[in-house]
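Undergrad: What follows is protein-v5.pdb, PDB, C-alpha atoms.
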ATOM      1  CA  MET A  42      31.587  12.510   3.629
ATOM      2  CA  ILE A  43      29.698  14.823   1.276
ATOM      3  CA  ARG A  44      26.406  16.291   2.416
ATOM      4  CA  PRO A  45      24.373  17.516  -0.555
ATOM      5  CA  GLY A  46      21.824  19.511   1.392
ATOM      6  CA  ASP A  47      22.813  22.797  -0.212
ATOM      7  CA  ILE A  48      23.262  21.497  -3.763
ATOM      8  CA  ALA A  49      20.810  23.032  -6.223
ATOM      9  CA  ILE A  50      18.629  20.726  -8.303
ATOM     10  CA  SER A  51      19.125  21.381 -11.976
ATOM     11  CA  ALA A  52      15.595  20.423 -13.040
ATOM     12  CA  GLY A  53      12.625  22.315 -11.640
ATOM     13  CA  HIS A  54      11.210  19.559  -9.439
ATOM     14  CA  ILE A  55      12.215  19.443  -5.773
ATOM     15  CA  SER A  56      10.835  16.530  -3.769
ATOM     16  CA  VAL A  57       8.950  17.312  -0.575
ATOM     17  CA  LEU A  58      11.446  17.257   2.319
ATOM     18  CA  GLY A  59      13.990  16.183  -0.313
ATOM     19  CA  ARG A  60      16.989  17.924   1.150
ATOM     20  CA  GLU A  61      16.200  16.672   4.638
ATOM     21  CA  ALA A  62      15.700  13.090   3.434
ATOM     22  CA  VAL A  63      18.932  12.982   1.427
ATOM     23  CA  ASP A  64      20.869  14.619   4.260
ATOM     24  CA  LEU A  65      19.680  11.839   6.573
ATOM     25  CA  LEU A  66      20.953   9.226   4.108
ATOM     26  CA  GLU A  67      24.435  10.805   4.318
ATOM     27  CA  PRO A  68      25.328   9.623   0.802
ATOM     28  CA  ARG A  69      28.917   8.503   0.405
ATOM     29  CA  ILE A  70      31.164   8.771  -2.625
ATOM     30  CA  GLY A  71      30.710   5.569  -4.609
ATOM     31  CA  GLY A  72      27.686   4.405  -2.592
ATOM     32  CA  ILE A  73      24.695   2.506  -3.979
ATOM     33  CA  TYR A  74      21.297   4.108  -3.383
ATOM     34  CA  LEU A  75      17.696   3.286  -4.206
ATOM     35  CA  ASP A  76      15.141   5.920  -5.057
ATOM     36  CA  ALA A  77      12.247   3.551  -4.468
ATOM     37  CA  THR A  78       9.572   5.947  -5.741
ATOM     38  CA  PHE A  79      11.319   7.830  -8.554
ATOM     39  CA  GLY A  80       8.460  10.138  -9.565
ATOM     40  CA  ALA A  81      10.003  13.281 -11.080
ATOM     41  CA  GLY A  82      13.478  12.259  -9.927
ATOM     42  CA  GLY A  83      14.076  14.864  -7.227
ATOM     43  CA  TYR A  84      15.794  12.505  -4.777
ATOM     44  CA  SER A  85      17.792  10.828  -7.542
ATOM     45  CA  ARG A  86      19.188  14.159  -8.736
ATOM     46  CA  MET A  87      20.476  15.005  -5.271
ATOM     47  CA  LEU A  88      21.977  11.552  -4.802
ATOM     48  CA  LEU A  89      23.700  11.800  -8.183
ATOM     49  CA  ASP A  90      25.232  15.120  -7.136
ATOM     50  CA  VAL A  91      27.521  13.096  -4.866
ATOM     51  CA  PRO A  92      30.492  11.877  -6.957
ATOM     52  CA  GLY A  93      30.531   8.224  -7.929
ATOM     53  CA  THR A  94      27.165   7.266  -6.485
ATOM     54  CA  ARG A  95      25.066   4.695  -8.277
ATOM     55  CA  VAL A  96      21.299   5.156  -8.113
ATOM     56  CA  ILE A  97      18.552   2.690  -8.989
ATOM     57  CA  GLY A  98      15.221   4.453  -9.467
ATOM     58  CA  ILE A  99      12.010   2.448  -9.246
ATOM     59  CA  ASP A 100       8.498   3.498 -10.197
ATOM     60  CA  ARG A 101       5.394   1.529 -11.142
ATOM     61  CA  ASP A 102       4.229   4.437 -13.308
ATOM     62  CA  ARG A 103       5.538   4.087 -16.861
ATOM     63  CA  THR A 104       5.070   7.816 -17.427
ATOM     64  CA  ALA A 105       7.458   8.612 -14.573
ATOM     65  CA  ILE A 106      10.062   6.204 -15.928
ATOM     66  CA  ALA A 107       9.825   7.710 -19.414
ATOM     67  CA  GLY A 108      10.154  11.183 -17.928
ATOM     68  CA  GLY A 109      13.465  10.193 -16.342
ATOM     69  CA  PHE A 110      15.225   9.061 -19.524
ATOM     70  CA  ASP A 111      16.910  12.450 -19.967
ATOM     71  CA  LEU A 112      18.372  12.206 -16.454
ATOM     72  CA  VAL A 113      19.606   8.694 -17.256
ATOM     73  CA  ASP A 114      21.371  10.063 -20.349
ATOM     74  CA  ARG A 115      23.054  12.778 -18.274
ATOM     75  CA  SER A 116      24.104  10.476 -15.432
ATOM     76  CA  ASP A 117      27.102   8.882 -17.164
ATOM     77  CA  GLY A 118      25.715   5.429 -16.503
ATOM     78  CA  ARG A 119      25.162   5.995 -12.774
ATOM     79  CA  LEU A 120      21.344   6.010 -12.886
ATOM     80  CA  THR A 121      19.241   2.984 -13.790
ATOM     81  CA  LEU A 122      15.458   3.215 -13.981
ATOM     82  CA  VAL A 123      13.227   0.178 -13.495
ATOM     83  CA  GLU A 124       9.468   0.028 -13.973
ATOM     84  CA  ASP A 125       8.253  -2.017 -11.019
ATOM     85  CA  ARG A 126       6.538  -1.837  -7.643
ATOM     86  CA  PHE A 127       8.709  -0.688  -4.766
ATOM     87  CA  SER A 128       7.711  -3.768  -2.798
ATOM     88  CA  ASN A 129       9.976  -5.636  -5.261
ATOM     89  CA  LEU A 130      13.123  -3.812  -4.120
ATOM     90  CA  ALA A 131      15.129  -6.974  -3.609
ATOM     91  CA  GLN A 132      14.234  -8.488  -6.982
ATOM     92  CA  VAL A 133      14.974  -5.206  -8.776
ATOM     93  CA  CYS A 134      18.388  -4.955  -7.148
ATOM     94  CA  ALA A 135      19.193  -8.595  -7.904
ATOM     95  CA  SER A 136      18.377  -7.972 -11.561
ATOM     96  CA  GLN A 137      20.922  -5.135 -11.516
ATOM     97  CA  GLY A 138      23.620  -7.180  -9.807
ATOM     98  CA  VAL A 139      23.195  -5.370  -6.488
ATOM     99  CA  ARG A 140      23.079  -7.438  -3.312
ATOM    100  CA  ALA A 141      23.063  -4.634  -0.718
ATOM    101  CA  ALA A 142      22.416  -0.895  -0.642
ATOM    102  CA  ASP A 143      23.912   2.020   1.270
ATOM    103  CA  GLY A 144      20.647   3.916   1.414
ATOM    104  CA  ILE A 145      16.989   3.815   0.385
ATOM    105  CA  VAL A 146      14.561   6.714   0.100
ATOM    106  CA  MET A 147      10.795   6.348  -0.319
ATOM    107  CA  ASP A 148       8.214   9.051  -1.054
ATOM    108  CA  VAL A 149       4.945   7.242  -0.386
ATOM    109  CA  GLY A 150       1.618   7.834  -2.094
ATOM    110  CA  VAL A 151       0.396   9.657  -5.181
ATOM    111  CA  SER A 152       2.688  12.168  -6.892
ATOM    112  CA  SER A 153       1.922  15.763  -7.817
ATOM    113  CA  MET A 154       2.342  14.824 -11.475
ATOM    114  CA  GLN A 155      -0.365  12.177 -11.190
ATOM    115  CA  LEU A 156      -2.719  14.505  -9.313
ATOM    116  CA  ASP A 157      -2.284  17.267 -11.875
ATOM    117  CA  GLU A 158      -3.118  15.113 -14.916
ATOM    118  CA  ALA A 159      -6.875  14.946 -15.370
ATOM    119  CA  GLY A 160      -6.663  11.838 -17.533
ATOM    120  CA  ARG A 161      -5.235   9.796 -14.648
ATOM    121  CA  GLY A 162      -8.384  10.319 -12.578
ATOM    122  CA  PHE A 163      -6.704  10.804  -9.195
ATOM    123  CA  SER A 164      -8.259  14.158  -8.324
ATOM    124  CA  PHE A 165     -11.747  15.634  -8.353
ATOM    125  CA  ARG A 166     -10.255  19.090  -8.990
ATOM    126  CA  LEU A 167     -10.083  18.222 -12.694
ATOM    127  CA  ASP A 168     -12.832  16.196 -14.354
ATOM    128  CA  GLY A 169     -11.524  13.048 -15.961
ATOM    129  CA  PRO A 170     -12.006   9.294 -16.216
ATOM    130  CA  LEU A 171     -12.305   7.557 -12.853
ATOM    131  CA  ASP A 172      -9.045   5.623 -13.221
ATOM    132  CA  MET A 173      -6.578   6.117 -10.307
ATOM    133  CA  ARG A 174      -4.178   3.346 -11.358
ATOM    134  CA  MET A 175      -0.519   4.180 -10.771
ATOM    135  CA  SER A 176       0.677   1.400 -13.065
ATOM    136  CA  GLN A 177      -2.161   1.929 -15.572
ATOM    137  CA  GLN A 178      -2.810  -1.821 -15.369
ATOM    138  CA  GLY A 179      -5.595  -3.831 -13.741
ATOM    139  CA  PRO A 180      -9.043  -2.695 -12.531
ATOM    140  CA  THR A 181      -9.742   1.032 -12.378
ATOM    141  CA  ALA A 182     -11.546   2.916  -9.624
ATOM    142  CA  ALA A 183     -14.589   2.961 -11.928
ATOM    143  CA  ASP A 184     -14.407  -0.848 -12.097
ATOM    144  CA  VAL A 185     -14.380  -1.028  -8.301
ATOM    145  CA  ILE A 186     -17.306   1.399  -8.035
ATOM    146  CA  ALA A 187     -19.260  -0.721 -10.530
ATOM    147  CA  LYS A 188     -18.467  -4.136  -9.062
ATOM    148  CA  ALA A 189     -17.975  -3.832  -5.292
ATOM    149  CA  SER A 190     -20.811  -4.605  -2.920
ATOM    150  CA  GLU A 191     -22.178  -1.861  -0.703
ATOM    151  CA  THR A 192     -20.471  -3.471   2.293
ATOM    152  CA  ASP A 193     -17.116  -3.648   0.520
ATOM    153  CA  LEU A 194     -17.402  -0.039  -0.644
ATOM    154  CA  ALA A 195     -18.156   1.113   2.894
ATOM    155  CA  ASP A 196     -15.180  -0.838   4.262
ATOM    156  CA  ILE A 197     -12.820   0.492   1.573
ATOM    157  CA  ILE A 198     -13.850   4.103   2.151
ATOM    158  CA  TYR A 199     -13.757   3.751   5.943
ATOM    159  CA  ILE A 200     -10.482   1.820   6.296
ATOM    160  CA  PHE A 201      -8.399   3.501   3.596
ATOM    161  CA  GLY A 202     -10.122   6.882   3.458
ATOM    162  CA  GLU A 203     -10.880   7.243   7.178
ATOM    163  CA  GLU A 204     -14.298   8.571   6.163
ATOM    164  CA  ARG A 205     -16.720   8.315   9.091
ATOM    165  CA  HIS A 206     -19.691   8.684   6.726
ATOM    166  CA  SER A 207     -18.554   5.694   4.680
ATOM    167  CA  ARG A 208     -21.835   3.789   4.936
ATOM    168  CA  ALA A 209     -23.847   6.751   3.677
ATOM    169  CA  VAL A 210     -21.360   7.268   0.845
ATOM    170  CA  ALA A 211     -21.538   3.588  -0.140
ATOM    171  CA  ARG A 212     -25.344   3.658  -0.139
ATOM    172  CA  ALA A 213     -25.337   6.753  -2.342
ATOM    173  CA  ILE A 214     -22.882   5.184  -4.785
ATOM    174  CA  VAL A 215     -24.904   1.968  -5.089
ATOM    175  CA  ALA A 216     -28.113   3.941  -5.634
ATOM    176  CA  ALA A 217     -26.480   6.166  -8.261
ATOM    177  CA  ARG A 218     -24.874   3.334 -10.223
ATOM    178  CA  LYS A 219     -28.309   1.722 -10.665
ATOM    179  CA  GLN A 220     -29.298   4.808 -12.638
ATOM    180  CA  ALA A 221     -26.111   5.183 -14.717
ATOM    181  CA  PRO A 222     -22.468   4.037 -14.645
ATOM    182  CA  ILE A 223     -20.165   6.198 -12.535
ATOM    183  CA  THR A 224     -17.170   6.773 -14.796
ATOM    184  CA  THR A 225     -15.805  10.265 -14.114
ATOM    185  CA  THR A 226     -14.195  11.973 -11.151
ATOM    186  CA  ARG A 227     -16.723  14.806 -11.137
ATOM    187  CA  THR A 228     -19.685  12.425 -11.100
ATOM    188  CA  LEU A 229     -18.318  10.577  -8.087
ATOM    189  CA  ALA A 230     -17.382  13.793  -6.278
ATOM    190  CA  ASP A 231     -20.906  15.156  -6.774
ATOM    191  CA  ILE A 232     -22.463  11.953  -5.402
ATOM    192  CA  VAL A 233     -20.296  12.099  -2.288
ATOM    193  CA  ALA A 234     -20.905  15.822  -1.784
ATOM    194  CA  ARG A 235     -24.637  15.172  -1.552
ATOM    195  CA  VAL A 236     -24.220  12.994   1.560
ATOM    196  CA  VAL A 237     -21.060  14.378   3.198
ATOM    197  CA  ARG A 238     -21.342  17.982   4.307
ATOM    198  CA  SER A 239     -18.392  20.293   4.865
ATOM    199  CA  LYS A 240     -18.060  23.760   6.327
ATOM    200  CA  PRO A 241     -16.211  26.620   4.624
ATOM    201  CA  GLY A 242     -12.471  26.142   5.022
ATOM    202  CA  GLU A 243     -12.703  22.367   5.465
ATOM    203  CA  ILE A 244     -11.468  19.816   2.948
ATOM    204  CA  HIS A 245     -13.708  18.911   0.026
ATOM    205  CA  PRO A 246     -16.303  16.326   1.137
ATOM    206  CA  ALA A 247     -15.035  13.811  -1.465
ATOM    207  CA  THR A 248     -11.395  13.977  -0.342
ATOM    208  CA  ARG A 249     -11.474  10.941   1.935
ATOM    209  CA  THR A 250     -13.519   8.820  -0.470
ATOM    210  CA  PHE A 251     -11.044   9.509  -3.275
ATOM    211  CA  GLN A 252      -8.138   8.728  -0.966
ATOM    212  CA  GLY A 253      -9.693   5.440   0.074
ATOM    213  CA  LEU A 254     -10.372   4.325  -3.486
ATOM    214  CA  ARG A 255      -6.899   5.325  -4.682
ATOM    215  CA  ILE A 256      -5.146   3.482  -1.878
ATOM    216  CA  PHE A 257      -7.316   0.420  -2.453
ATOM    217  CA  VAL A 258      -6.936   0.304  -6.244
ATOM    218  CA  ASN A 259      -3.143   0.483  -5.921
ATOM    219  CA  ALA A 260      -2.818  -1.672  -2.767
ATOM    220  CA  GLU A 261      -0.664   1.151  -1.431
ATOM    221  CA  LEU A 262      -0.570   0.128   2.205
ATOM    222  CA  ASP A 263       0.272  -3.499   1.411
ATOM    223  CA  GLU A 264       3.010  -2.202  -0.890
ATOM    224  CA  LEU A 265       4.415  -0.067   1.921
ATOM    225  CA  HIS A 266       4.448  -2.953   4.412
ATOM    226  CA  LEU A 267       6.288  -5.154   1.903
ATOM    227  CA  ALA A 268       8.700  -2.399   0.825
ATOM    228  CA  LEU A 269       9.779  -1.676   4.403
ATOM    229  CA  SER A 270      10.545  -5.349   5.016
ATOM    230  CA  ALA A 271      12.430  -5.525   1.720
ATOM    231  CA  ALA A 272      14.483  -2.470   2.686
ATOM    232  CA  GLU A 273      15.371  -4.084   6.003
ATOM    233  CA  ARG A 274      16.764  -7.109   4.169
ATOM    234  CA  LEU A 275      18.568  -5.077   1.519
ATOM    235  CA  LEU A 276      20.367  -2.391   3.511
ATOM    236  CA  LYS A 277      23.973  -2.891   4.555
ATOM    237  CA  PRO A 278      24.919  -2.464   8.221
ATOM    238  CA  GLY A 279      25.142   1.301   8.588
ATOM    239  CA  GLY A 280      22.878   1.793   5.558
ATOM    240  CA  ARG A 281      20.044   4.251   5.997
ATOM    241  CA  LEU A 282      16.337   4.350   5.223
ATOM    242  CA  ALA A 283      14.358   7.594   4.818
ATOM    243  CA  VAL A 284      10.584   7.574   4.242
ATOM    244  CA  VAL A 285       8.338  10.543   3.473
ATOM    245  CA  SER A 286       4.607   9.927   3.944
ATOM    246  CA  PHE A 287       1.602  12.167   3.434
ATOM    247  CA  HIS A 288      -1.208  10.899   5.617
ATOM    248  CA  SER A 289      -1.729   9.228   8.970
ATOM    249  CA  LEU A 290      -2.248   5.690   7.643
ATOM    250  CA  GLU A 291       1.143   5.665   5.899
ATOM    251  CA  ASP A 292       2.967   7.418   8.715
ATOM    252  CA  ARG A 293       1.572   5.006  11.299
ATOM    253  CA  ILE A 294       2.869   2.029   9.313
ATOM    254  CA  VAL A 295       6.341   3.574   8.976
ATOM    255  CA  LYS A 296       6.462   4.625  12.630
ATOM    256  CA  ASN A 297       5.353   1.238  13.959
ATOM    257  CA  PHE A 298       7.777  -0.617  11.692
ATOM    258  CA  LEU A 299      10.805   1.445  12.722
ATOM    259  CA  VAL A 300       9.907   1.521  16.419
ATOM    260  CA  GLU A 301       9.364  -2.243  16.461
ATOM    261  CA  ARG A 302      12.635  -2.877  14.647
ATOM    262  CA  GLY A 303      14.444  -0.319  16.780
ATOM    263  CA  LYS A 304      13.975  -2.017  20.123
ATOM    264  CA  ALA A 305      15.144  -5.302  21.569
ATOM    265  CA  GLY A 306      12.635  -7.996  22.359
ATOM    266  CA  GLY A 307       9.047  -6.938  22.244
ATOM    267  CA  GLY A 308       7.937 -10.498  21.605
ATOM    268  CA  SER A 309       5.787 -12.767  23.723
ATOM    269  CA  ARG A 310       6.576 -12.960  27.441
ATOM    270  CA  HIS A 311       6.409 -16.744  27.025
ATOM    271  CA  LEU A 312       9.459 -16.755  24.727
ATOM    272  CA  PRO A 313      12.927 -17.001  26.222
ATOM    273  CA  GLU A 314      14.900 -13.746  26.062
ATOM    274  CA  MET A 315      17.455 -15.208  23.668
ATOM    275  CA  ALA A 316      14.715 -15.960  21.126
ATOM    276  CA  GLN A 317      13.653 -12.337  20.838
ATOM    277  CA  ALA A 318      14.976 -10.431  17.844
ATOM    278  CA  ALA A 319      17.738  -7.879  18.362
ATOM    279  CA  PRO A 320      17.192  -4.343  16.973
ATOM    280  CA  SER A 321      17.668  -4.260  13.207
ATOM    281  CA  PHE A 322      17.391  -0.456  13.040
ATOM    282  CA  GLN A 323      18.537   2.496  15.095
ATOM    283  CA  LEU A 324      16.110   5.406  14.909
ATOM    284  CA  LEU A 325      17.477   8.660  13.529
ATOM    285  CA  THR A 326      14.239  10.617  14.010
ATOM    286  CA  LYS A 327      12.503  10.263  17.360
ATOM    287  CA  ARG A 328       9.776  12.507  16.010
ATOM    288  CA  PRO A 329       8.930  12.986  12.342
ATOM    289  CA  ILE A 330      10.518  15.877  10.496
ATOM    290  CA  ILE A 331       7.950  18.197   8.921
ATOM    291  CA  ALA A 332       8.230  20.827   6.219
ATOM    292  CA  GLY A 333       9.059  24.399   7.120
ATOM    293  CA  ASP A 334       6.869  27.399   6.412
ATOM    294  CA  ASP A 335       8.749  28.324   3.238
ATOM    295  CA  GLU A 336       8.342  24.858   1.723
ATOM    296  CA  VAL A 337       4.655  24.718   2.619
ATOM    297  CA  ALA A 338       4.125  28.145   1.060
ATOM    298  CA  ALA A 339       5.837  26.982  -2.146
ATOM    299  CA  ASN A 340       4.097  23.581  -2.169
ATOM    300  CA  PRO A 341       0.903  23.241  -0.074
ATOM    301  CA  ARG A 342       1.097  19.432  -0.385
ATOM    302  CA  ALA A 343       4.144  19.563   1.901
ATOM    303  CA  ARG A 344       1.903  20.568   4.805
ATOM    304  CA  SER A 345       0.979  16.962   5.539
ATOM    305  CA  ALA A 346       4.401  15.427   4.856
ATOM    306  CA  LYS A 347       6.300  13.556   7.581
ATOM    307  CA  LEU A 348       9.835  12.222   7.282
ATOM    308  CA  ARG A 349      11.144   9.343   9.385
ATOM    309  CA  ALA A 350      14.567   7.722   9.106
ATOM    310  CA  ALA A 351      16.631   4.957  10.658
ATOM    311  CA  GLU A 352      20.045   3.322  10.289
ATOM    312  CA  ARG A 353      20.444  -0.414   9.739
ATOM    313  CA  THR A 354      22.308  -2.304  12.435
ATOM    314  CA  ALA A 355      24.389  -5.424  11.865
ATOM    315  CA  GLU A 356      21.656  -7.640  13.337
ATOM    316  CA  ALA A 357      19.601 -10.060  11.255
ATOM    317  CA  PRO A 358      16.328  -8.773   9.792
ATOM    318  CA  HIS A 359      13.183  -9.532  11.751
ATOM    319  CA  ALA A 360      10.575 -11.920  10.434
ATOM    320  CA  ALA A 361       8.188 -10.119   8.100
ATOM    321  CA  ASN A 362       4.857  -9.195   9.670
ATOM    322  CA  GLU A 363       1.645 -10.578   8.230
ATOM    323  CA  LEU A 364      -0.347  -8.114   6.169
ATOM    324  CA  PRO A 365      -3.473  -6.750   7.868
ATOM    325  CA  ALA A 366      -6.772  -8.452   7.057
ATOM    326  CA  TRP A 367      -8.368  -5.622   5.107
ATOM    327  CA  PRO A 368     -10.178  -5.624   1.734
ATOM    328  CA  VAL A 369      -8.104  -6.865  -1.212
ATOM    329  CA  LEU A 370      -8.729  -5.803  -4.815
ATOM    330  CA  ALA A 371      -8.806  -9.302  -6.309
ATOM    331  CA  ASP A 372     -11.367 -10.500  -3.736
ATOM    332  CA  VAL A 373     -13.626  -7.484  -4.171
ATOM    333  CA  MET A 374     -13.573  -7.711  -7.954
ATOM    334  CA  ARG A 375     -14.618 -11.351  -7.958
ATOM    335  CA  GLY A 376     -17.267 -10.727  -5.295
ATOM    336  CA  GLY A 377     -15.406 -12.686  -2.635
TER
END
Would you encode the structure as C-alpha cells?

TA:
Amino acid sequence: MIRPGDIAISAGHISVLGREAVDLLEPRIGGIYLDATFGAGGYSRMLLDVPGTRVIGIDRDRTAIAGGFDLVDRSDGRLTLVEDRFSNLAQVCASQGVRAADGIVMDVGVSSMQLDEAGRGFSFRLDGPLDMRMSQQGPTAADVIAKASETDLADIIYIFGEERHSRAVARAIVAARKQAPITTTRTLADIVARVVRSKPGEIHPATRTFQGLRIFVNAELDELHLALSAAERLLKPGGRLAVVSFHSLEDRIVKNFLVERGKAGGGSRHLPEMAQAAPSFQLLTKRPIIAGDDEVAANPRARSAKLRAAERTAEAPHAANELPAWPVLADVMRGG
C-alpha cells in the first residue's frame, strides 16, 4: 500500500483537504479512481503519484477540462478527462469501459478558479455579468432574476442561500427589475445590501443570496444527491468515497447519506427485519475532518471545508432516495 500524503504536487494548485482526502482513499497500485469534480486537478495529481493508477476526471466546466490537458499529456495515458456532470458517474465510467471503481473523491460546490474569474459572475467581489453557470449552458442567474416570481425568488434565496431576509430581498429585486434589467453582480449585490444589514466583521450582506442563486442555477444539491447514489453503485467492495463540502447544506446531505447507508435497518417498523437494507457503507469519519490552521491561513476558503469518508461494504446498494421537493430551474423559468 502506498500512501501519498507526503508527496508534493508538481503544479501550484493544492485541493482543500486534498492530502487528507487522498489518504482516506488509500490508493492502491493499479487501482481505478474517479476525481468526480476535477477542477484544477489537485486530487488527480496525487492519485497519479501512485504507480499504475488510472484516474477518470469529471467536470461540467469546459474551462476546467481544457486546463487539464497538459496533465493528461504527462500522465502516460493514465488520466482521462470527461466533460459531464458528476451525477453521471456511472455513465461516464461505462463509456470508458469501467464497471467498478476503487475510490471516488468529490469536492463539492464552486471552485476558486470560478470565483476568481469576474466573467463567470459567481462573486460580487469582482463586477461581471450575472452568469453563475458552471457548464456555461442553460439559463443564467440574470435569466432567473428576470423571470422568477417574487415567491420563487424568496424560496430560492431562503432554501439554497439560508437567507432569513429572503422575502425582503425578493421584494427588492422585483422592484428593481421593473426599473431596469439586473445583469451584473455589482448591481445585484447593491440591491441586496440595501435591505440586508451587516455589522463590521460579518459576511457581506449579499453572500447568502449569491449562494442561493448559484446553487439553484446549477442544481447543485440535486447533483450531489444523485452523485452519492451513483458512487454507491459504482464502488467495489472495499472501495472508498471521500467528499469535501463547503457549507452546511452540502455537508448535511453527505452526512445523512453516509449515516443512513452505514447502519442496518432504519426502515419502517412495519417492515419485517429481513426486508431492511444491510449497511452499504462503513463510516471512516465519525466526525468531519476540518482544515488545520496552516491550511486556513494559506487558503481562507478552507475554513468552511468538511471532509467525510466511508468504505463500501459488499452489501447491495440501497434504493435511491427521492429528491427533495424544492424549486427546480425548469419549472421556475417557465413560470410553473

Undergrad: Please list as a PyMOL selection string every residue within 12 Å of stretch 110-113 of chain A, counting only C-alpha atoms and excluding residues in the same chain fewer than 2 positions away.

TA: chain A and resi 50-52+79+81-87+89-90+95-98+103-108+115-123

Undergrad: I'd like the residues picked by the PyMOL selection byres ((chain A and resi 129-143) around 12) written out as number ranges by chain, using the chain letters and numbers from the file.

TA: A: 65-78, 88, 94-101, 119-128, 144-147, 263-283, 352-353

Undergrad: For the residues selected in the previous step, produce a file with C-alpha atoms as a compact mmCIF listing (two decimals), keeping the file's coordinate frame.

TA:
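The result, written out as again-v6.txt:
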# COMPACT_ATOMS: atom_id res chain seq x y z
CA LEU A 65 19.68 11.84 6.57
CA LEU A 66 20.95 9.23 4.11
CA GLU A 67 24.44 10.80 4.32
CA PRO A 68 25.33 9.62 0.80
CA ARG A 69 28.92 8.50 0.40
CA ILE A 70 31.16 8.77 -2.62
CA GLY A 71 30.71 5.57 -4.61
CA GLY A 72 27.69 4.40 -2.59
CA ILE A 73 24.70 2.51 -3.98
CA TYR A 74 21.30 4.11 -3.38
CA LEU A 75 17.70 3.29 -4.21
CA ASP A 76 15.14 5.92 -5.06
CA ALA A 77 12.25 3.55 -4.47
CA THR A 78 9.57 5.95 -5.74
CA LEU A 88 21.98 11.55 -4.80
CA THR A 94 27.16 7.27 -6.48
CA ARG A 95 25.07 4.70 -8.28
CA VAL A 96 21.30 5.16 -8.11
CA ILE A 97 18.55 2.69 -8.99
CA GLY A 98 15.22 4.45 -9.47
CA ILE A 99 12.01 2.45 -9.25
CA ASP A 100 8.50 3.50 -10.20
CA ARG A 101 5.39 1.53 -11.14
CA ARG A 119 25.16 6.00 -12.77
CA LEU A 120 21.34 6.01 -12.89
CA THR A 121 19.24 2.98 -13.79
CA LEU A 122 15.46 3.22 -13.98
CA VAL A 123 13.23 0.18 -13.50
CA GLU A 124 9.47 0.03 -13.97
CA ASP A 125 8.25 -2.02 -11.02
CA ARG A 126 6.54 -1.84 -7.64
CA PHE A 127 8.71 -0.69 -4.77
CA SER A 128 7.71 -3.77 -2.80
CA GLY A 144 20.65 3.92 1.41
CA ILE A 145 16.99 3.82 0.38
CA VAL A 146 14.56 6.71 0.10
CA MET A 147 10.80 6.35 -0.32
CA ASP A 263 0.27 -3.50 1.41
CA GLU A 264 3.01 -2.20 -0.89
CA LEU A 265 4.42 -0.07 1.92
CA HIS A 266 4.45 -2.95 4.41
CA LEU A 267 6.29 -5.15 1.90
CA ALA A 268 8.70 -2.40 0.82
CA LEU A 269 9.78 -1.68 4.40
CA SER A 270 10.54 -5.35 5.02
CA ALA A 271 12.43 -5.52 1.72
CA ALA A 272 14.48 -2.47 2.69
CA GLU A 273 15.37 -4.08 6.00
CA ARG A 274 16.76 -7.11 4.17
CA LEU A 275 18.57 -5.08 1.52
CA LEU A 276 20.37 -2.39 3.51
CA LYS A 277 23.97 -2.89 4.56
CA PRO A 278 24.92 -2.46 8.22
CA GLY A 279 25.14 1.30 8.59
CA GLY A 280 22.88 1.79 5.56
CA ARG A 281 20.04 4.25 6.00
CA LEU A 282 16.34 4.35 5.22
CA ALA A 283 14.36 7.59 4.82
CA GLU A 352 20.05 3.32 10.29
CA ARG A 353 20.44 -0.41 9.74

Undergrad: Please evaluate the PyMOL selection byres ((chain A and resi 57) around 9) against the structure above and give the resulting residues as an MDAnalysis selection string.

TA: chainID A and resid 55:56 58:62 83 148 285 332 336 340 342:343 346

Undergrad: Work out how far atom CA of A:Ser286 is from atom CA of A:Thr192, in Å to one decimal.

TA: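 Here the two named atoms are 28.5 Å from each other.
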
Undergrad: Step by step, work through what the PyMOL selection byres ((chain A and resi 233) around 8) selects in the shown file, and finish by giving those residues as a short mmCIF file (atom, residue, chain, number, x, y, z; two decimals) with C-alpha atoms, in the coordinates of the input.

TA:
data_model
loop_
_atom_site.label_atom_id
_atom_site.label_comp_id
_atom_site.auth_asym_id
_atom_site.auth_seq_id
_atom_site.Cartn_x
_atom_site.Cartn_y
_atom_site.Cartn_z
CA VAL A 210 -21.36 7.27 0.84
CA ALA A 213 -25.34 6.75 -2.34
CA ILE A 214 -22.88 5.18 -4.78
CA LEU A 229 -18.32 10.58 -8.09
CA ALA A 230 -17.38 13.79 -6.28
CA ASP A 231 -20.91 15.16 -6.77
CA ILE A 232 -22.46 11.95 -5.40
CA ALA A 234 -20.90 15.82 -1.78
CA ARG A 235 -24.64 15.17 -1.55
CA VAL A 236 -24.22 12.99 1.56
CA VAL A 237 -21.06 14.38 3.20
CA PRO A 246 -16.30 16.33 1.14
CA ALA A 247 -15.04 13.81 -1.46
CA THR A 250 -13.52 8.82 -0.47
#

Undergrad: Provide an axis-aligned box for all listed atoms of stretch 76-83 of chain A, padding each side by 5 Å; report its centre and its edge lengths in Å to one decimal, as lines of an AutoDock Vina configuration file.

TA:
center_x = 11.8
center_y = 9.2
center_z = -7.8
size_x = 16.7
size_y = 21.3
size_z = 16.6

Undergrad: What's the separation between atom CA of A:Ile197 and atom CA of A:Gly253, in Å to one decimal place?

TA: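 Separation between atom CA of A:Ile197 and atom CA of A:Gly253: 6.0 Å.
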
Undergrad: Just how far from atom CA of A:Ala366 is atom CA of A:Val300, in Å to one decimal?

TA: 21.6 Å

Undergrad: Under the rule that all atoms listed in the file are counted, which of A:Arg174, A:Arg227, A:Arg212, A:Arg293 is the nearest residue to A:Glu191?

TA: A:Arg212

Undergrad: Counting all atoms listed in the file, which residue out of A:Lys219, A:Arg161, A:Lys188, A:Arg328 sits closest to A:Ala371?

TA: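 Ranking A:Lys219, A:Arg161, A:Lys188, A:Arg328 by distance to A:Ala371, first place goes to A:Lys188.
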
Undergrad: Which of these residues is nearest to A:Arg208, using all atoms listed in the file: A:Leu254, A:Ala221, A:Leu325, A:Leu194?

TA: A:Leu194

Undergrad: Which is closer to A:Leu348 than all the others in A:Val151, A:Val369, A:Asn362, A:His288, using all atoms listed in the file?

TA: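 Using all atoms listed in the file, the shortest distance to A:Leu348 belongs to A:His288.
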
Undergrad: Go through A:Thr225, A:Ile200, A:Gln220, A:Asn297 one by one, measure the shortest atom-to-atom distance of each to A:Ser164 using only C-alpha atoms, and give the residue with the smallest value.

TA: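 Among A:Thr225, A:Ile200, A:Gln220, A:Asn297, it is A:Thr225 that comes nearest to A:Ser164.
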